[in-house]
>>> print(open('model.cif').read())   # mmCIF, C-alpha atoms and all ligand atoms
data_coords
#
loop_
_atom_site.label_atom_id
_atom_site.label_comp_id
_atom_site.auth_asym_id
_atom_site.auth_seq_id
_atom_site.Cartn_x
_atom_site.Cartn_y
_atom_site.Cartn_z
CA MET A 1 2.02 14.69 -24.12
CA THR A 2 3.77 13.31 -27.22
CA HIS A 3 1.87 11.47 -29.98
CA SER A 4 3.80 8.30 -29.28
CA LEU A 5 2.93 8.39 -25.57
CA ALA A 6 -0.73 9.01 -26.44
CA ASP A 7 -0.63 6.02 -28.81
CA ALA A 8 1.01 3.85 -26.19
CA GLN A 9 -1.63 4.95 -23.67
CA ARG A 10 -4.38 4.03 -26.14
CA LEU A 11 -2.97 0.50 -26.40
CA HIS A 12 -2.63 0.38 -22.61
CA LEU A 13 -6.31 1.32 -22.16
CA GLU A 14 -7.45 -1.09 -24.89
CA ARG A 15 -5.66 -3.89 -23.05
CA LEU A 16 -7.28 -2.88 -19.75
CA GLU A 17 -10.71 -2.88 -21.40
CA ARG A 18 -10.11 -6.41 -22.74
CA GLU A 19 -8.64 -7.78 -19.52
CA TYR A 20 -11.29 -6.26 -17.27
CA ALA A 21 -14.05 -7.66 -19.51
CA CYS A 22 -12.50 -11.16 -19.29
CA LEU A 23 -12.05 -10.98 -15.53
CA LEU A 24 -15.52 -9.64 -14.83
CA ASP A 25 -16.99 -12.38 -16.99
CA ALA A 26 -14.86 -15.10 -15.39
CA LEU A 27 -15.81 -14.01 -11.87
CA GLY A 28 -19.46 -13.41 -12.68
CA TYR A 29 -19.66 -9.62 -12.28
CA ASP A 30 -21.61 -7.19 -14.43
CA GLY A 31 -19.20 -4.45 -13.55
CA VAL A 32 -16.87 -2.87 -11.04
CA LEU A 33 -16.88 0.60 -9.56
CA LEU A 34 -13.47 1.99 -8.58
CA TYR A 35 -13.17 4.81 -6.06
CA SER A 36 -10.22 7.20 -6.21
CA GLY A 37 -10.26 7.71 -2.44
CA HIS A 38 -10.03 10.99 -0.56
CA PRO A 39 -7.65 12.54 1.98
CA HIS A 40 -8.37 12.32 5.69
CA ARG A 41 -8.33 15.18 8.15
CA HIS A 42 -6.07 15.27 11.18
CA PHE A 43 -7.97 14.57 14.37
CA ALA A 44 -9.99 17.55 15.57
CA ASP A 45 -8.52 19.70 12.82
CA ASP A 46 -9.55 21.00 9.41
CA GLN A 47 -6.19 20.20 7.77
CA GLU A 48 -5.82 17.19 5.49
CA ALA A 49 -3.11 14.55 5.61
CA SER A 50 -1.17 13.64 2.47
CA PHE A 51 -3.03 11.40 0.07
CA ALA A 52 -2.40 8.87 -2.68
CA THR A 53 -5.07 7.98 -5.23
CA TYR A 54 -6.03 4.28 -5.30
CA GLY A 55 -3.74 2.36 -7.64
CA HIS A 56 -6.44 0.56 -9.61
CA PHE A 57 -8.12 3.90 -10.33
CA LEU A 58 -4.78 5.35 -11.49
CA HIS A 59 -4.22 2.35 -13.73
CA TRP A 60 -6.94 3.86 -15.94
CA VAL A 61 -6.95 7.56 -15.10
CA PRO A 62 -3.47 9.12 -15.20
CA LEU A 63 -4.09 11.83 -12.63
CA ALA A 64 -2.07 11.25 -9.46
CA GLY A 65 -3.79 12.96 -6.55
CA VAL A 66 -7.32 12.92 -7.98
CA THR A 67 -9.89 12.60 -5.18
CA ARG A 68 -13.59 11.84 -4.62
CA SER A 69 -14.05 10.47 -8.14
CA TRP A 70 -15.49 7.20 -9.39
CA LEU A 71 -14.89 4.98 -12.40
CA LEU A 72 -17.51 2.48 -13.55
CA LEU A 73 -16.28 -0.37 -15.75
CA ARG A 74 -18.57 -2.76 -17.57
CA ALA A 75 -17.78 -5.15 -20.40
CA GLY A 76 -18.64 -3.69 -23.78
CA GLN A 77 -19.36 -0.18 -22.38
CA ARG A 78 -17.19 2.92 -22.39
CA PRO A 79 -15.49 3.43 -19.05
CA ALA A 80 -17.61 6.00 -17.18
CA LEU A 81 -15.60 8.55 -15.21
CA TYR A 82 -17.48 10.51 -12.55
CA PHE A 83 -14.95 13.26 -11.98
CA HIS A 84 -15.30 15.39 -8.88
CA ALA A 85 -14.96 19.03 -9.97
CA PRO A 86 -16.86 21.11 -7.42
CA ARG A 87 -17.49 24.83 -7.77
CA ASP A 88 -15.20 26.15 -5.06
CA PHE A 89 -13.78 29.63 -4.48
CA TRP A 90 -11.30 28.40 -1.83
CA HIS A 91 -9.43 26.16 -4.24
CA LEU A 92 -8.77 25.83 -7.92
CA PRO A 93 -11.31 23.21 -8.98
CA PRO A 94 -9.81 20.03 -10.50
CA ALA A 95 -9.82 20.04 -14.31
CA LEU A 96 -9.22 17.34 -16.87
CA PRO A 97 -6.25 17.73 -19.22
CA ASP A 98 -6.72 18.16 -22.94
CA GLU A 99 -5.41 14.69 -23.75
CA ALA A 100 -6.58 11.96 -26.10
CA TRP A 101 -7.37 9.43 -23.36
CA THR A 102 -10.30 11.53 -22.16
CA GLN A 103 -12.09 10.71 -25.45
CA ARG A 104 -12.26 7.03 -24.51
CA PHE A 105 -14.21 7.77 -21.33
CA ALA A 106 -17.80 8.87 -20.83
CA ILE A 107 -17.13 11.74 -18.44
CA GLU A 108 -19.45 13.43 -16.01
CA LEU A 109 -18.11 16.42 -14.08
CA ARG A 110 -19.75 16.37 -10.66
CA GLN A 111 -20.32 18.57 -7.65
CA SER A 112 -21.16 15.53 -5.59
CA GLU A 113 -18.72 13.04 -4.15
CA THR A 114 -21.33 10.35 -3.58
CA PRO A 115 -21.06 7.25 -5.76
CA PRO A 116 -23.08 7.13 -8.97
CA PRO A 117 -26.11 4.84 -8.90
CA LEU A 118 -25.41 1.36 -10.26
CA PRO A 119 -27.58 -0.41 -12.83
CA ALA A 120 -29.20 -3.71 -11.91
CA GLY A 121 -26.77 -6.62 -11.71
CA ARG A 122 -23.86 -7.97 -9.70
CA PHE A 123 -21.29 -5.26 -9.03
CA ALA A 124 -18.16 -4.91 -6.93
CA VAL A 125 -16.92 -1.64 -5.51
CA LEU A 126 -13.18 -1.30 -4.90
CA GLY A 127 -11.33 1.28 -2.88
CA GLU A 128 -11.54 2.97 0.49
CA VAL A 129 -15.32 2.88 0.68
CA ALA A 130 -17.44 2.61 3.83
CA PRO A 131 -19.28 -0.71 4.20
CA ALA A 132 -22.56 1.21 4.50
CA THR A 133 -21.87 2.94 1.16
CA ALA A 134 -21.20 -0.40 -0.54
CA ALA A 135 -24.33 -1.85 1.04
CA ALA A 136 -26.41 1.11 -0.17
CA LEU A 137 -25.06 0.50 -3.66
CA GLY A 138 -25.86 -3.20 -3.38
CA ALA A 139 -22.24 -3.94 -4.36
CA GLU A 140 -19.62 -6.29 -2.91
CA LEU A 141 -16.87 -4.33 -1.19
CA ASN A 142 -13.27 -5.14 -2.14
CA PRO A 143 -13.83 -8.83 -2.91
CA GLU A 144 -10.54 -10.68 -2.53
CA ARG A 145 -10.50 -12.70 -5.74
CA LEU A 146 -11.29 -9.73 -7.96
CA THR A 147 -8.82 -7.50 -6.14
CA ALA A 148 -6.06 -10.11 -6.45
CA ALA A 149 -6.81 -10.57 -10.16
CA LEU A 150 -6.67 -6.81 -10.76
CA ASP A 151 -3.42 -6.61 -8.76
CA GLU A 152 -2.01 -9.25 -11.09
CA LEU A 153 -2.94 -7.10 -14.10
CA ARG A 154 -0.54 -4.48 -12.75
CA VAL A 155 2.46 -6.78 -12.43
CA CYS A 156 3.67 -6.65 -16.05
CA LYS A 157 3.85 -3.14 -17.41
CA SER A 158 2.61 -1.93 -20.79
CA ASP A 159 4.87 0.14 -23.05
CA TYR A 160 2.98 3.22 -21.85
CA GLU A 161 3.71 2.42 -18.23
CA VAL A 162 7.36 1.76 -18.99
CA ALA A 163 7.60 5.14 -20.76
CA CYS A 164 6.18 6.84 -17.64
CA LEU A 165 8.57 4.97 -15.36
CA ARG A 166 11.52 5.84 -17.59
CA GLU A 167 10.60 9.52 -17.55
CA ALA A 168 10.13 9.46 -13.75
CA ASN A 169 13.66 8.00 -13.54
CA ARG A 170 15.09 10.67 -15.83
CA ARG A 171 13.66 13.46 -13.71
CA ALA A 172 14.68 11.82 -10.44
CA MET A 173 18.27 11.46 -11.63
CA GLN A 174 18.43 15.21 -12.26
CA GLY A 175 17.56 15.60 -8.60
CA HIS A 176 20.20 13.10 -7.49
CA LEU A 177 22.97 14.87 -9.39
CA ALA A 178 21.96 18.21 -7.88
CA ALA A 179 21.79 16.64 -4.41
CA CYS A 180 25.36 15.40 -4.82
CA ASP A 181 26.52 18.86 -5.95
CA ALA A 182 24.81 20.49 -2.96
CA PHE A 183 26.50 18.03 -0.59
CA ARG A 184 29.91 18.66 -2.15
CA GLY A 185 29.23 22.38 -1.62
CA GLY A 186 28.78 21.81 2.12
CA ALA A 187 24.97 21.75 2.34
CA ALA A 188 22.91 20.58 5.29
CA GLU A 189 20.41 17.74 4.80
CA LEU A 190 17.57 20.22 4.31
CA ASP A 191 19.53 22.05 1.61
CA VAL A 192 20.28 18.77 -0.14
CA GLN A 193 16.57 18.00 -0.08
CA LEU A 194 15.69 21.43 -1.49
CA ALA A 195 18.33 21.05 -4.22
CA TYR A 196 16.83 17.67 -5.11
CA LEU A 197 13.30 19.06 -5.33
CA LYS A 198 14.39 22.07 -7.36
CA ALA A 199 16.38 20.12 -9.93
CA SER A 200 13.76 17.40 -10.28
CA ARG A 201 10.99 20.01 -10.55
CA GLN A 202 8.57 18.76 -7.90
CA ARG A 203 7.06 19.99 -4.68
CA GLU A 204 7.55 17.92 -1.56
CA SER A 205 3.91 16.84 -1.38
CA ASP A 206 4.18 15.25 -4.85
CA VAL A 207 7.12 12.91 -4.24
CA PRO A 208 6.17 9.22 -4.30
CA TYR A 209 7.62 8.65 -0.80
CA GLY A 210 9.37 10.83 1.75
CA ASN A 211 12.84 11.50 0.42
CA ILE A 212 15.56 9.92 2.54
CA VAL A 213 18.49 12.33 2.82
CA GLY A 214 21.02 10.99 5.31
CA ILE A 215 24.38 12.65 5.88
CA ASN A 216 27.02 10.64 7.78
CA ALA A 217 25.61 8.14 10.32
CA HIS A 218 22.05 8.99 9.23
CA GLY A 219 22.75 6.99 6.06
CA GLY A 220 22.54 3.89 8.26
CA VAL A 221 18.95 4.61 9.30
CA LEU A 222 17.06 2.74 6.60
CA HIS A 223 14.07 5.08 6.43
CA TYR A 224 15.66 8.17 7.99
CA GLN A 225 12.89 10.76 8.12
CA HIS A 226 14.40 14.11 9.20
CA TYR A 227 16.40 16.87 7.53
CA ASP A 228 19.08 18.48 9.70
CA LEU A 229 19.14 22.24 9.28
CA LYS A 230 22.84 22.58 10.11
CA PRO A 231 25.63 21.35 7.85
CA PRO A 232 27.72 18.63 9.51
CA ASP A 233 31.10 19.55 10.99
CA ARG A 234 32.68 16.72 9.05
CA GLN A 235 31.53 15.31 5.73
CA HIS A 236 31.79 11.54 5.61
CA SER A 237 28.92 10.49 3.36
CA LEU A 238 25.54 11.21 1.83
CA LEU A 239 22.79 8.67 1.09
CA VAL A 240 19.81 9.93 -0.92
CA ASP A 241 16.83 7.65 -1.64
CA ALA A 242 14.38 9.74 -3.63
CA GLY A 243 12.11 9.44 -6.62
CA HIS A 244 9.60 11.16 -8.84
CA ARG A 245 6.13 10.50 -10.11
CA VAL A 246 5.03 10.75 -13.74
CA ARG A 247 1.34 10.22 -14.50
CA GLY A 248 1.19 8.23 -11.25
CA TYR A 249 4.23 6.02 -11.98
CA CYS A 250 7.05 6.09 -9.45
CA ALA A 251 10.81 6.19 -9.63
CA ASP A 252 12.70 4.91 -6.58
CA ILE A 253 16.43 5.60 -6.85
CA THR A 254 19.18 5.59 -4.24
CA ARG A 255 22.70 6.92 -4.54
CA THR A 256 25.47 7.09 -1.96
CA TRP A 257 28.35 9.55 -2.17
CA SER A 258 31.51 9.82 -0.12
CA GLY A 259 32.41 13.18 1.39
CA ALA A 260 35.62 15.12 1.77
CA ASP A 261 36.26 13.57 5.22
CA ALA A 262 35.47 9.99 4.24
CA ASP A 263 37.79 7.26 5.43
CA SER A 264 39.68 5.71 2.53
CA CYS A 265 37.83 2.41 3.09
CA PHE A 266 34.46 4.00 2.26
CA PRO A 267 34.81 4.85 -1.46
CA ALA A 268 36.09 1.31 -2.02
CA LEU A 269 32.97 -0.07 -0.38
CA ILE A 270 30.73 2.19 -2.50
CA ASP A 271 32.52 0.88 -5.59
CA GLY A 272 32.09 -2.66 -4.33
CA VAL A 273 28.34 -2.29 -3.73
CA THR A 274 27.94 -0.55 -7.11
CA ALA A 275 29.79 -3.36 -8.88
CA LEU A 276 27.79 -6.08 -7.17
CA GLN A 277 24.56 -4.25 -7.97
CA ARG A 278 25.57 -4.22 -11.65
CA ARG A 279 26.32 -7.94 -11.55
CA LEU A 280 22.88 -8.60 -10.04
CA ILE A 281 21.23 -6.45 -12.74
CA ALA A 282 23.14 -8.39 -15.41
CA ALA A 283 21.60 -11.59 -14.02
CA LEU A 284 17.99 -10.36 -14.42
CA ARG A 285 15.92 -12.20 -16.98
CA PRO A 286 12.56 -14.00 -17.19
CA GLY A 287 12.45 -17.18 -15.13
CA VAL A 288 14.99 -16.03 -12.53
CA SER A 289 13.84 -16.42 -8.92
CA TYR A 290 14.08 -13.07 -7.15
CA VAL A 291 14.56 -14.94 -3.85
CA ALA A 292 17.63 -16.64 -5.37
CA LEU A 293 18.89 -13.25 -6.51
CA HIS A 294 18.40 -11.84 -3.01
CA GLU A 295 20.41 -14.79 -1.65
CA ARG A 296 23.10 -14.09 -4.22
CA MET A 297 23.23 -10.50 -2.93
CA HIS A 298 24.14 -11.93 0.49
CA ASP A 299 26.85 -14.14 -1.06
CA GLU A 300 28.27 -11.10 -2.85
CA LEU A 301 28.07 -8.95 0.30
CA GLY A 302 29.97 -11.67 2.15
CA ALA A 303 32.67 -11.61 -0.52
CA LEU A 304 32.87 -7.80 -0.41
CA LEU A 305 33.12 -7.71 3.39
CA ALA A 306 35.90 -10.32 3.24
CA ASP A 307 37.77 -8.48 0.43
CA GLN A 308 37.64 -5.22 2.38
CA GLY A 309 38.79 -6.88 5.60
CA VAL A 310 35.59 -6.22 7.53
CA ILE A 311 35.19 -9.94 8.24
CA ARG A 312 37.84 -12.59 8.79
CA CYS A 313 35.78 -15.65 7.92
CA SER A 314 34.80 -16.94 4.48
CA PRO A 315 31.86 -15.29 2.67
CA GLU A 316 29.95 -18.57 2.98
CA ALA A 317 30.48 -18.65 6.74
CA ALA A 318 29.40 -15.00 7.05
CA VAL A 319 26.15 -15.73 5.22
CA ALA A 320 25.51 -18.90 7.21
CA ALA A 321 26.11 -17.12 10.54
CA GLY A 322 23.75 -14.24 9.66
CA ILE A 323 26.56 -11.66 9.57
CA THR A 324 25.59 -10.35 6.13
CA ARG A 325 21.98 -9.95 7.32
CA ALA A 326 23.18 -7.75 10.17
CA PHE A 327 24.95 -5.55 7.59
CA CYS A 328 21.93 -5.56 5.23
CA PRO A 329 18.58 -6.31 6.86
CA HIS A 330 16.35 -5.27 3.95
CA GLY A 331 15.36 -7.07 0.78
CA LEU A 332 17.11 -6.78 -2.58
CA GLY A 333 14.12 -4.92 -4.00
CA HIS A 334 10.48 -4.95 -4.98
CA LEU A 335 8.04 -4.47 -7.82
CA LEU A 336 7.63 -0.85 -8.89
CA GLY A 337 4.74 0.90 -10.62
CA LEU A 338 1.82 3.00 -9.45
CA GLN A 339 2.98 2.25 -5.92
CA VAL A 340 6.58 2.37 -4.84
CA HIS A 341 6.21 -1.06 -3.29
CA ASP A 342 3.87 -2.27 -5.99
CA VAL A 343 1.15 -4.86 -5.52
CA ALA A 344 1.42 -8.65 -5.87
CA GLY A 345 5.11 -9.00 -5.05
CA ARG A 346 4.50 -11.78 -2.56
CA CYS A 347 1.99 -13.98 -4.33
CA ARG A 348 1.83 -16.29 -7.31
CA GLY A 349 0.08 -15.28 -10.51
CA ASP A 350 -3.10 -16.98 -9.27
CA GLY A 351 -3.10 -14.79 -6.14
CA SER A 352 -2.01 -17.54 -3.73
CA PRO A 353 0.50 -16.36 -1.11
CA LEU A 354 4.23 -16.68 -1.68
CA PRO A 355 5.76 -15.51 1.60
CA PRO A 356 9.47 -14.73 1.91
CA PRO A 357 11.81 -17.28 3.50
CA PRO A 358 11.75 -16.90 7.32
CA GLU A 359 15.37 -15.67 7.40
CA HIS A 360 14.54 -12.87 4.92
CA PRO A 361 11.27 -11.45 6.29
CA ALA A 362 11.76 -8.01 4.72
CA LEU A 363 11.96 -9.28 1.15
CA ARG A 364 9.03 -7.76 -0.75
CA LEU A 365 9.38 -9.71 -4.00
CA THR A 366 9.34 -13.50 -3.91
CA ARG A 367 8.23 -14.33 -7.46
CA GLU A 368 9.99 -15.54 -10.55
CA LEU A 369 10.75 -12.67 -12.87
CA GLU A 370 8.63 -12.17 -15.99
CA ALA A 371 9.10 -9.93 -19.02
CA GLY A 372 7.30 -6.66 -18.35
CA MET A 373 7.94 -6.54 -14.61
CA VAL A 374 9.75 -3.45 -13.34
CA VAL A 375 11.80 -4.15 -10.23
CA THR A 376 14.20 -2.26 -8.05
CA VAL A 377 17.65 -3.67 -7.40
CA GLU A 378 18.95 -2.07 -4.22
CA PRO A 379 21.72 -3.88 -2.37
CA GLY A 380 22.89 -2.15 0.78
CA LEU A 381 25.61 -2.32 3.39
CA TYR A 382 25.19 -0.45 6.67
CA VAL A 383 26.59 -0.08 10.14
CA ILE A 384 23.42 -0.36 12.23
CA PRO A 385 24.48 -0.54 15.90
CA MET A 386 21.18 -2.14 16.94
CA LEU A 387 21.95 -5.13 14.71
CA LEU A 388 25.74 -5.33 15.00
CA ASP A 389 26.22 -4.72 18.73
CA PRO A 390 24.60 -8.01 19.77
CA LEU A 391 27.19 -9.85 17.62
CA ARG A 392 30.16 -8.40 19.53
CA ASP A 393 29.95 -10.89 22.38
CA ALA A 394 28.53 -13.76 20.35
CA PRO A 395 30.84 -16.46 18.93
CA VAL A 396 30.46 -14.98 15.41
CA GLY A 397 31.79 -11.67 16.76
CA ARG A 398 35.32 -13.10 16.48
CA ASP A 399 34.88 -13.16 12.69
CA ILE A 400 34.24 -9.42 12.49
CA ASP A 401 37.00 -6.82 12.52
CA TRP A 402 35.44 -4.34 14.93
CA THR A 403 38.13 -1.74 14.24
CA GLN A 404 36.97 -1.69 10.62
CA VAL A 405 33.35 -1.42 11.77
CA GLU A 406 34.26 1.60 13.92
CA ARG A 407 35.98 3.24 10.92
CA LEU A 408 32.83 2.72 8.84
CA ALA A 409 30.29 3.74 11.46
CA PRO A 410 30.45 7.54 10.87
CA HIS A 411 29.52 6.91 7.21
CA GLY A 412 26.22 5.22 8.11
CA GLY A 413 25.75 3.05 5.09
CA ILE A 414 25.57 2.48 1.38
CA ARG A 415 22.61 1.72 -0.86
CA ILE A 416 22.64 1.77 -4.64
CA GLU A 417 19.18 1.43 -6.18
CA ASP A 418 18.12 1.33 -9.83
CA ASN A 419 14.78 0.58 -11.50
CA VAL A 420 14.94 -2.16 -14.10
CA LEU A 421 12.52 -3.50 -16.71
CA ILE A 422 12.63 -7.25 -17.29
CA THR A 423 12.65 -7.90 -21.05
CA ALA A 424 12.33 -11.09 -23.09
CA GLN A 425 16.12 -11.13 -23.53
CA GLY A 426 17.21 -9.90 -20.10
CA ALA A 427 16.80 -6.47 -18.61
CA ASP A 428 16.68 -2.77 -19.49
CA ASN A 429 17.85 -0.38 -16.77
CA LEU A 430 15.42 2.57 -16.67
CA THR A 431 17.70 4.55 -14.37
CA PRO A 432 20.07 6.79 -16.33
CA GLY A 433 23.77 6.56 -15.59
CA ASP A 434 25.32 9.05 -13.24
CA ALA A 435 28.76 10.34 -12.56
CA GLY A 436 29.08 8.51 -9.27
N1 LIG B 501 12.43 4.08 -1.02
C1 LIG B 501 11.96 2.90 -0.38
C2 LIG B 501 12.57 1.71 -0.97
O1 LIG B 501 13.63 1.79 -1.55
O2 LIG B 501 12.03 0.64 -0.98
MN MN B 502 14.35 3.56 -2.44
MN MN B 503 13.08 0.61 -3.29
#
>>> encode(input="model.cif", output="structure tokens", more="lines below")
Ligand code: GLY
Ligand code: MN
Ligand code: MN
Amino acid sequence: MTHSLADAQRLHLERLEREYACLLDALGYDGVLLYSGHPHRHFADDQEASFATYGHFLHWVPLAGVTRSWLLLRAGQRPALYFHAPRDFWHLPPALPDEAWTQRFAIELRQSETPPPLPAGRFAVLGEVAPATAAALGAELNPERLTAALDELRVCKSDYEVACLREANRRAMQGHLAACDAFRGGAAELDVQLAYLKASRQRESDVPYGNIVGINAHGGVLHYQHYDLKPPDRQHSLLVDAGHRVRGYCADITRTWSGADADSCFPALIDGVTALQRRLIAALRPGVSYVALHERMHDELGALLADQGVIRCSPEAAVAAGITRAFCPHGLGHLLGLQVHDVAGRCRGDGSPLPPPPEHPALRLTRELEAGMVVTVEPGLYVIPMLLDPLRDAPVGRDIDWTQVERLAPHGGIRIEDNVLITAQGADNLTPGDAG
């Protein structure tokens, strides 16, 4: 860990100490106990499912994957970390790193995974905790107002958090470039995935979400979840949506590449989506409505589809008729941080709900942008038969050039996704440039 990152983390923790003290006071609590969580076993098995440490715990303790540990926070007291480090000859026991942040915490290494006893007073306990455990502690379990207020504390990132997100992006991009090389060398989806993991230096269980590696039509399956073992006979396209995690903070990057057998219309569409993504990023600044930006994505997709001859009507008519939504059914993006789809994207700063417009139900960010937010910007354009086929016989079907759709179908789809910090002046793209 560099000195500057340690300094930035100190400021990050000082801010958390101040903000937690204010919130606890305002809501009438003497303290809050955060639980890291623990993995669950498969039914009737002794194997554990994958696990993610609770975000509010990670906001303080930069150890992604830590389990069965507790953090007690009280105004004016050192944060108390009850760190589960059992004596165990089956596994390497968890250990704390030799880093400056540990000095700020009162740390107890524990064999036990039970919660620490709480002093007298009004306490909340947050995390995946059994109601009986909370009742035995005499603490309120996951109270909504406190949880919403702590979610809000995670919306605007500190310099430390931005540094972690930037580094996660740097490492993820190394994976993306290697994935592209592997594809150009004729790899199967599994080999692309392995090339990604190798170049980005991470094991599969550590990625922030299951990497999406879709060759050809699989690129049109939004959350495609398999890896073909056999290289394709023909190489039309590759879509990779994959990230990295640094000290808990997630990158979430997508790139789309055309293959040796791509139709000539496909590289032009990739260029078009890339250009419109850059225009949307250039429009990011505090005060901008992300819903308005999402709607602009649809206007721009309408224009691109018209330019490329995929539709015959005006862009405005394509948006109004829902044609662009059939080509891109997901949202423009979301908040990013300790969770890939970070908390509080669909509420106001006071925690009140801010649902997406009914015609855009998948949009995960409905707020006005603020300096310090980190958002993804991920326009897409896909041939998804389940969404397009019903339009064939509908009146709007006359406005679609189905021959063009058939030419595109073997390429699946396009998504270009970067991670962007909103600054006072505009935006700072945390995703490094690439050759594609
Ligand atoms: N990787 C999931 C997403 O882009 O939201
Ligand atoms: Mn993604
Ligand atoms: Mn995303």
>>> residues_near_ligand(input="model.cif", ligand="ligand MN 502 (chain B)", cutoff="7 Å", atoms="all atoms listed in the file", output="list in words")
Asp241, Ala242, Asp252, Ile253, Thr254 and Glu417 of chain A
>>> closest_residue(input="model.cif", among="A:Ala163, A:Ala320, A:Leu141, A:Ala326", to="Ala251 (chain A)", atoms="all atoms listed in the file")
A:Ala163
>>> atom_distance(input="model.cif", atom1="CA of Phe43 (chain A)", atom2="CA of Leu338 (chain A)")
28.2 Å
>>> closest_residue(input="model.cif", among="A:Lys198, A:His42, A:Arg78, A:His12", to="Ala179 (chain A)", atoms="only C-alpha atoms")
A:Lys198
>>> closest_residue(input="model.cif", among="A:Pro410, A:Gly322, A:Gly331, A:Gly337", to="Pro390 (chain A)", atoms="all atoms listed in the file")
A:Gly322
>>> closest_residue(input="model.cif", among="A:Leu332, A:Val396, A:Val291, A:Ala134", to="ligand MN 503 (chain B)", atoms="only C-alpha atoms and all ligand atoms")
A:Leu332
>>> residues_around(input="model.cif", residues="Arg110 (chain A)", least_positions_apart="4", cutoff="8 Å", atoms="only C-alpha atoms", output="PyMOL selection string")
chain A and resi 82-86
>>> residues_near_point(input="model.cif", point="(-19.3, 10.8, -20.1)", cutoff="10 Å", atoms="all atoms listed in the file", output="PyMOL selection string")
chain A and resi 78-83+102-109
>>> residues_around(input="model.cif", residues="region 149-162 of chain A", least_positions_apart="5", cutoff="10 Å", atoms="all atoms listed in the file", output="JSON, numbers by chain")
{"A": [4, 5, 6, 7, 8, 9, 10, 11, 12, 13, 15, 16, 19, 20, 23, 24, 27, 55, 56, 59, 144, 167, 168, 246, 247, 248, 249, 335, 336, 337, 338, 342, 343, 344, 345, 347, 348, 349, 350, 351, 369, 370, 371, 372, 373, 374, 375, 420, 421, 422, 430]}
>>> residues_near_ligand(input="model.cif", ligand="ligand LIG 501 (chain B)", cutoff="12 Å", atoms="all atoms listed in the file", output="PyMOL selection string")
chain A and resi 207-213+222-225+239-244+250-255+330-336+339-342+362-365+375-380+415-419
>>> closest_residue(input="model.cif", among="A:Met297, A:Ala139, A:Leu284, A:Ala52", to="Gln425 (chain A)", atoms="only C-alpha atoms")
A:Leu284
>>> closest_residue(input="model.cif", among="A:Cys265, A:Val129, A:Leu165, A:Ile414", to="Val310 (chain A)", atoms="all atoms listed in the file")
A:Cys265
>>> residues_around(input="model.cif", residues="Gly259 (chain A)", least_positions_apart="5", cutoff="8 Å", atoms="all atoms listed in the file", output="PyMOL selection string")
chain A and resi 183-184+235-238
